[in-house]
>>> print(open('model38.txt').read())   # compact mmCIF, C-alpha atoms
# COMPACT_ATOMS: atom_id res chain seq x y z
CA MET A 1128 120.42 195.99 53.79
CA ALA A 1129 118.28 198.84 52.49
CA LYS A 1130 119.19 201.46 49.92
CA ILE A 1131 118.29 204.81 51.49
CA ILE A 1132 118.33 208.12 49.63
CA VAL A 1133 118.46 211.18 51.89
CA PHE A 1134 117.57 214.50 50.31
CA GLY A 1135 119.10 217.26 52.41
CA GLY A 1136 121.71 214.77 53.58
CA THR A 1137 124.22 217.41 54.70
CA GLY A 1138 121.69 219.37 56.80
CA TYR A 1139 120.96 218.88 60.48
CA THR A 1140 118.23 216.25 60.17
CA GLY A 1141 119.59 214.66 57.00
CA GLY A 1142 123.10 214.48 58.38
CA ASN A 1143 121.93 212.59 61.45
CA VAL A 1144 119.87 210.21 59.31
CA VAL A 1145 122.85 209.58 57.03
CA ARG A 1146 125.13 208.79 59.98
CA GLU A 1147 122.60 206.50 61.67
CA ALA A 1148 121.78 204.64 58.46
CA ALA A 1149 125.45 204.15 57.60
CA SER A 1150 126.21 202.88 61.10
CA ARG A 1151 123.61 200.16 60.58
CA GLY A 1152 125.24 198.98 57.38
CA HIS A 1153 122.70 200.34 54.89
CA GLU A 1154 123.58 201.62 51.43
CA VAL A 1155 123.23 205.38 51.84
CA VAL A 1156 123.13 208.15 49.26
CA SER A 1157 123.17 211.77 50.44
CA VAL A 1158 121.79 214.44 48.10
CA SER A 1159 122.51 218.12 48.73
CA ARG A 1160 123.78 221.32 47.20
CA SER A 1161 126.73 221.62 49.57
CA GLU A 1162 129.64 219.50 50.73
CA PRO A 1163 129.43 218.22 54.31
CA GLN A 1164 132.06 219.39 56.80
CA ASP A 1165 132.87 215.75 57.50
CA ARG A 1166 132.00 212.91 55.14
CA VAL A 1167 130.66 209.69 56.61
CA GLU A 1168 132.63 206.65 55.54
CA GLY A 1169 130.78 204.47 53.05
CA VAL A 1170 128.20 207.11 52.12
CA ARG A 1171 127.80 208.19 48.50
CA TYR A 1172 127.45 211.97 48.14
CA GLU A 1173 125.63 213.56 45.21
CA PHE A 1174 125.40 217.32 44.69
CA GLY A 1175 122.99 219.39 42.62
CA ASP A 1176 119.30 220.11 42.13
CA ALA A 1177 117.19 217.55 44.01
CA THR A 1178 114.61 216.91 41.29
CA GLU A 1179 117.21 216.45 38.56
CA ILE A 1180 119.30 214.03 40.61
CA ALA A 1181 116.26 212.16 41.89
CA LYS A 1182 115.35 210.77 38.48
CA ALA A 1183 118.54 208.74 38.38
CA LEU A 1184 118.81 207.86 42.07
CA ILE A 1185 115.35 206.89 43.31
CA PRO A 1186 114.79 203.86 41.05
CA GLY A 1187 116.03 200.89 43.06
CA ALA A 1188 115.74 202.67 46.42
CA THR A 1189 114.14 201.03 49.46
CA ALA A 1190 113.36 204.31 51.19
CA VAL A 1191 113.55 208.01 50.38
CA VAL A 1192 113.95 210.52 53.21
CA ALA A 1193 112.98 214.10 52.31
CA ALA A 1194 114.67 216.48 54.76
CA LEU A 1195 115.18 219.66 52.76
CA ALA A 1196 114.94 223.07 54.40
CA PRO A 1197 112.71 225.78 52.83
CA ARG A 1198 115.54 228.28 52.80
CA GLY A 1199 117.66 229.99 50.17
CA ASP A 1200 116.77 228.90 46.66
CA MET A 1201 114.56 226.15 48.11
CA ALA A 1202 112.19 228.62 49.80
CA GLY A 1203 108.78 228.44 48.19
CA ARG A 1204 109.68 225.28 46.22
CA LEU A 1205 109.14 222.48 48.71
CA VAL A 1206 105.61 221.53 47.65
CA GLU A 1207 106.74 221.20 44.04
CA VAL A 1208 110.00 219.41 44.84
CA TYR A 1209 108.48 217.01 47.37
CA GLY A 1210 105.64 216.27 44.98
CA GLU A 1211 108.15 215.13 42.38
CA LEU A 1212 110.12 213.06 44.92
CA ALA A 1213 106.87 211.43 46.04
CA ARG A 1214 105.90 210.63 42.44
CA LEU A 1215 109.28 209.08 41.71
CA SER A 1216 109.20 207.11 44.97
CA ALA A 1217 105.77 205.71 44.12
CA ALA A 1218 106.97 204.64 40.68
CA ALA A 1219 110.02 202.93 42.25
CA GLY A 1220 108.05 201.22 45.02
CA ALA A 1221 110.12 203.03 47.66
CA ARG A 1222 108.82 204.21 51.03
CA PHE A 1223 108.70 207.99 51.28
CA LEU A 1224 109.45 209.60 54.66
CA GLN A 1225 108.92 213.36 54.60
CA VAL A 1226 110.24 215.35 57.55
CA GLY A 1227 108.08 218.29 58.57
CA GLY A 1228 107.92 220.60 61.55
CA PHE A 1229 106.48 220.58 65.04
CA SER A 1230 103.93 223.23 64.07
CA SER A 1231 102.05 220.75 61.88
CA LEU A 1232 101.09 218.80 65.02
CA ARG A 1233 98.00 219.46 67.16
CA PRO A 1234 98.09 220.36 70.89
CA ALA A 1235 95.13 218.04 71.53
CA GLU A 1236 92.84 215.68 69.64
CA GLY A 1237 90.63 217.65 67.26
CA ALA A 1238 92.32 220.96 68.08
CA PRO A 1239 93.69 223.22 65.33
CA ARG A 1240 97.29 222.55 64.40
CA PHE A 1241 99.90 224.82 65.98
CA VAL A 1242 100.54 226.40 62.58
CA GLU A 1243 96.96 227.67 62.59
CA GLY A 1244 97.66 229.68 65.74
CA ASP A 1245 100.10 232.42 66.67
CA VAL A 1246 103.40 231.32 65.10
CA PRO A 1247 106.34 233.66 65.88
CA GLU A 1248 107.26 235.83 62.90
CA GLU A 1249 110.76 234.37 62.55
CA TYR A 1250 109.35 230.84 62.09
CA ARG A 1251 106.13 231.66 60.22
CA ALA A 1252 107.25 231.26 56.61
CA GLU A 1253 108.94 227.90 57.20
CA ALA A 1254 106.02 226.67 59.32
CA PHE A 1255 103.48 227.54 56.63
CA GLU A 1256 105.56 225.96 53.89
CA GLY A 1257 106.13 222.82 55.93
CA GLU A 1258 102.40 222.52 56.57
CA ALA A 1259 101.69 223.04 52.88
CA THR A 1260 103.88 220.03 52.09
CA ARG A 1261 101.93 217.94 54.62
CA VAL A 1262 98.62 218.91 53.05
CA ALA A 1263 99.93 218.18 49.56
CA LEU A 1264 101.20 214.76 50.65
CA ALA A 1265 98.01 213.81 52.50
CA ASP A 1266 95.68 215.04 49.76
CA HIS A 1267 97.58 214.32 46.56
CA ALA A 1268 100.09 211.51 47.15
CA PRO A 1269 99.87 208.72 44.56
CA ALA A 1270 97.53 205.99 45.79
CA GLU A 1271 100.32 203.41 45.64
CA LEU A 1272 102.83 205.48 47.65
CA ASP A 1273 103.74 204.20 51.12
CA TRP A 1274 104.35 207.60 52.75
CA LEU A 1275 104.95 208.97 56.22
CA PHE A 1276 104.97 212.59 57.36
CA VAL A 1277 107.17 212.94 60.45
CA SER A 1278 107.25 215.85 62.91
CA PRO A 1279 109.99 216.25 65.52
CA ALA A 1280 109.41 217.61 69.02
CA GLY A 1281 109.17 221.33 69.70
CA SER A 1282 112.73 221.63 70.98
CA TYR A 1283 114.63 220.19 68.06
CA GLY A 1284 117.50 221.46 65.97
CA ALA A 1285 121.21 222.20 65.90
CA TRP A 1286 120.71 224.63 68.77
CA ALA A 1287 119.46 221.72 70.96
CA ALA A 1288 121.43 218.89 69.40
CA GLY A 1289 121.57 216.49 72.36
CA GLU A 1290 123.02 213.00 72.27
CA ARG A 1291 122.10 209.56 71.01
CA THR A 1292 120.35 207.56 73.75
CA GLY A 1293 118.32 205.22 71.56
CA ALA A 1294 115.17 206.26 73.44
CA TYR A 1295 112.13 207.99 71.98
CA ARG A 1296 108.33 207.90 71.88
CA LEU A 1297 106.12 207.81 68.81
CA GLY A 1298 102.79 209.58 68.69
CA GLY A 1299 100.20 210.50 66.13
CA GLU A 1300 99.44 214.03 65.00
CA VAL A 1301 98.91 215.17 68.61
CA ALA A 1302 102.17 216.52 70.05
CA LEU A 1303 103.94 214.53 72.76
CA PHE A 1304 105.02 216.30 75.96
CA ASP A 1305 106.95 215.11 78.99
CA ALA A 1306 105.84 215.33 82.63
CA ASP A 1307 107.15 218.89 82.85
CA GLY A 1308 105.29 220.01 79.75
CA GLY A 1309 108.40 220.01 77.57
CA SER A 1310 108.73 218.64 74.06
CA HIS A 1311 112.25 217.51 73.17
CA ILE A 1312 114.15 215.10 70.94
CA SER A 1313 117.82 215.07 69.97
CA GLY A 1314 118.88 214.93 66.34
CA PRO A 1315 120.56 211.54 66.74
CA ASP A 1316 117.51 210.02 68.47
CA PHE A 1317 115.16 211.46 65.84
CA ALA A 1318 117.31 209.63 63.29
CA VAL A 1319 117.15 206.43 65.37
CA ALA A 1320 113.35 206.57 65.22
CA LEU A 1321 113.34 207.11 61.46
CA LEU A 1322 115.73 204.22 60.83
CA ASP A 1323 113.74 201.94 63.12
CA GLU A 1324 110.65 202.77 61.04
CA ILE A 1325 112.49 202.13 57.79
CA GLU A 1326 113.79 198.77 59.01
CA VAL A 1327 110.49 197.64 60.56
CA PRO A 1328 107.63 199.59 58.93
CA ALA A 1329 104.82 200.17 61.42
CA HIS A 1330 103.10 203.31 60.13
CA HIS A 1331 101.71 203.90 56.67
CA ARG A 1332 100.18 206.94 54.96
CA GLU A 1333 99.90 208.92 58.19
CA HIS A 1334 101.37 211.74 60.25
CA ILE A 1335 103.45 210.85 63.30
CA GLY A 1336 105.42 212.78 65.90
CA ILE A 1337 108.64 211.85 67.65
CA ALA A 1338 109.67 213.06 71.12
CA TYR A 1339 110.99 211.83 74.45
>>> encode(input="model38.txt", output="structure tokens")
Amino acid sequence: MAKIIVFGGTGYTGGNVVREAASRGHEVVSVSRSEPQDRVEGVRYEFGDATEIAKALIPGATAVVAALAPRGDMAGRLVEVYGELARLSAAAGARFLQVGGFSSLRPAEGAPRFVEGDVPEEYRAEAFEGEATRVALADHAPAELDWLFVSPAGSYGAWAAGERTGAYRLGGEVALFDADGGSHISGPDFAVALLDEIEVPAHHREHIGIAY
């Protein structure tokens, strides 16, 4: 059984990770600023500022999942906050799985990342901040940190929640598309992929994508 700390544990991604991890019998701690609508049985919920809580929670953890959204009072702070979570994870010997966005992927090998192209105005700020956290992790992560930057498919979110099928594909930093040119993954199946990686580590200090 692993001890898994999920920052942003009441959000869309974090909530799915919390539920999946708890269903597998892991010790799960959810960190957020808000109460969830429905608590998951057996999960420990902590509320407050992520960096303040992290100092007490991360020591002893097996894995830390960073799934905060750059919105509200977190907008503009993710690079700083994730940097601190990464530092604490390295000191604790915990794996660090940082959830980013689809726009940090590339459309083809060697091509510019989507975020370097024409990102719609309504997504631009979050896309740029998410990419900044990827760059910071790749360039400045402690040498001893076992990290993973994870991007979901293009169609991903509460608006396209989907169901748990247990199926998914893993790719590198080039986006995965289906036969019809679509890029999809449900929240529950994204969580399945993350928990599979936590239980059987197969990728280290790299950027991966998850889609059907």
>>> residues_around(input="model38.txt", residues="segment 1145-1151 of chain A", least_positions_apart="3", cutoff="10 Å", atoms="all atoms listed in the file", output="PDB file with C-alpha atoms, in the frame of the given file")
ATOM      1  CA  MET A1128     120.420 195.990  53.790  1.00  0.00           C
ATOM      2  CA  ALA A1129     118.280 198.840  52.490  1.00  0.00           C
ATOM      3  CA  LYS A1130     119.190 201.460  49.920  1.00  0.00           C
ATOM      4  CA  ILE A1131     118.290 204.810  51.490  1.00  0.00           C
ATOM      5  CA  ILE A1132     118.330 208.120  49.630  1.00  0.00           C
ATOM      6  CA  VAL A1133     118.460 211.180  51.890  1.00  0.00           C
ATOM      7  CA  PHE A1134     117.570 214.500  50.310  1.00  0.00           C
ATOM      8  CA  GLY A1135     119.100 217.260  52.410  1.00  0.00           C
ATOM      9  CA  GLY A1136     121.710 214.770  53.580  1.00  0.00           C
ATOM     10  CA  THR A1137     124.220 217.410  54.700  1.00  0.00           C
ATOM     11  CA  GLY A1138     121.690 219.370  56.800  1.00  0.00           C
ATOM     12  CA  THR A1140     118.230 216.250  60.170  1.00  0.00           C
ATOM     13  CA  GLY A1141     119.590 214.660  57.000  1.00  0.00           C
ATOM     14  CA  GLY A1142     123.100 214.480  58.380  1.00  0.00           C
ATOM     15  CA  GLU A1154     123.580 201.620  51.430  1.00  0.00           C
ATOM     16  CA  VAL A1155     123.230 205.380  51.840  1.00  0.00           C
ATOM     17  CA  VAL A1156     123.130 208.150  49.260  1.00  0.00           C
ATOM     18  CA  SER A1157     123.170 211.770  50.440  1.00  0.00           C
ATOM     19  CA  ARG A1166     132.000 212.910  55.140  1.00  0.00           C
ATOM     20  CA  VAL A1167     130.660 209.690  56.610  1.00  0.00           C
ATOM     21  CA  GLU A1168     132.630 206.650  55.540  1.00  0.00           C
ATOM     22  CA  GLY A1169     130.780 204.470  53.050  1.00  0.00           C
ATOM     23  CA  VAL A1170     128.200 207.110  52.120  1.00  0.00           C
ATOM     24  CA  ARG A1171     127.800 208.190  48.500  1.00  0.00           C
ATOM     25  CA  VAL A1192     113.950 210.520  53.210  1.00  0.00           C
ATOM     26  CA  ARG A1291     122.100 209.560  71.010  1.00  0.00           C
ATOM     27  CA  PRO A1315     120.560 211.540  66.740  1.00  0.00           C
ATOM     28  CA  ASP A1316     117.510 210.020  68.470  1.00  0.00           C
ATOM     29  CA  PHE A1317     115.160 211.460  65.840  1.00  0.00           C
ATOM     30  CA  ALA A1318     117.310 209.630  63.290  1.00  0.00           C
ATOM     31  CA  VAL A1319     117.150 206.430  65.370  1.00  0.00           C
ATOM     32  CA  ALA A1320     113.350 206.570  65.220  1.00  0.00           C
ATOM     33  CA  LEU A1321     113.340 207.110  61.460  1.00  0.00           C
ATOM     34  CA  LEU A1322     115.730 204.220  60.830  1.00  0.00           C
ATOM     35  CA  ASP A1323     113.740 201.940  63.120  1.00  0.00           C
ATOM     36  CA  ILE A1325     112.490 202.130  57.790  1.00  0.00           C
ATOM     37  CA  GLU A1326     113.790 198.770  59.010  1.00  0.00           C
TER      38      GLU A1326
END
>>> atom_distance(input="model38.txt", atom1="atom CA of Ala1263 of chain A", atom2="atom CA of Leu1212 of chain A")
12.3 Å
>>> atom_distance(input="model38.txt", atom1="atom CA of Leu1264 of chain A", atom2="atom CA of Arg1296 of chain A")
23.4 Å
>>> residues_around(input="model38.txt", residues="His1331 of chain A", least_positions_apart="5", cutoff="12 Å", atoms="only C-alpha atoms", output="compact mmCIF listing (two decimals) with C-alpha atoms, keeping the file's coordinate frame")
# COMPACT_ATOMS: atom_id res chain seq x y z
CA ARG A 1222 108.82 204.21 51.03
CA PHE A 1223 108.70 207.99 51.28
CA LEU A 1224 109.45 209.60 54.66
CA ALA A 1265 98.01 213.81 52.50
CA ALA A 1270 97.53 205.99 45.79
CA GLU A 1271 100.32 203.41 45.64
CA LEU A 1272 102.83 205.48 47.65
CA ASP A 1273 103.74 204.20 51.12
CA TRP A 1274 104.35 207.60 52.75
CA LEU A 1275 104.95 208.97 56.22
CA PHE A 1276 104.97 212.59 57.36
CA VAL A 1277 107.17 212.94 60.45
CA GLY A 1299 100.20 210.50 66.13
CA GLU A 1324 110.65 202.77 61.04
CA ILE A 1325 112.49 202.13 57.79
>>> closest_residue(input="model38.txt", among="A:Ile1337, A:Ala1218, A:Ala1235, A:Ala1252", to="Pro1279 of chain A", atoms="all atoms listed in the file")
A:Ile1337
>>> closest_residue(input="model38.txt", among="A:Asp1165, A:Phe1174, A:Ala1238, A:Arg1214", to="Pro1186 of chain A", atoms="only C-alpha atoms")
A:Arg1214
>>> closest_residue(input="model38.txt", among="A:Gly1336, A:Gly1220, A:Gly1289, A:Gly1237", to="Phe1304 of chain A", atoms="all atoms listed in the file")
A:Gly1336
>>> closest_residue(input="model38.txt", among="A:Val1226, A:Val1327, A:Ala1254, A:Ala1190", to="Phe1241 of chain A", atoms="all atoms listed in the file")
A:Ala1254
>>> atom_distance(input="model38.txt", atom1="atom CA of Ser1161 of chain A", atom2="atom CA of Ile1312 of chain A")
25.6 Å
>>> residues_around(input="model38.txt", residues="Arg1204 of chain A", least_positions_apart="3", cutoff="12 Å", atoms="all atoms listed in the file", output="list in words")
Asp1176, Ala1177, Thr1178, Leu1195, Ala1196, Pro1197, Arg1198, Gly1199, Asp1200, Met1201, Glu1207, Val1208, Tyr1209, Gly1210, Glu1211, Glu1253, Glu1256, Gly1257, Ala1259 and Thr1260 of chain A
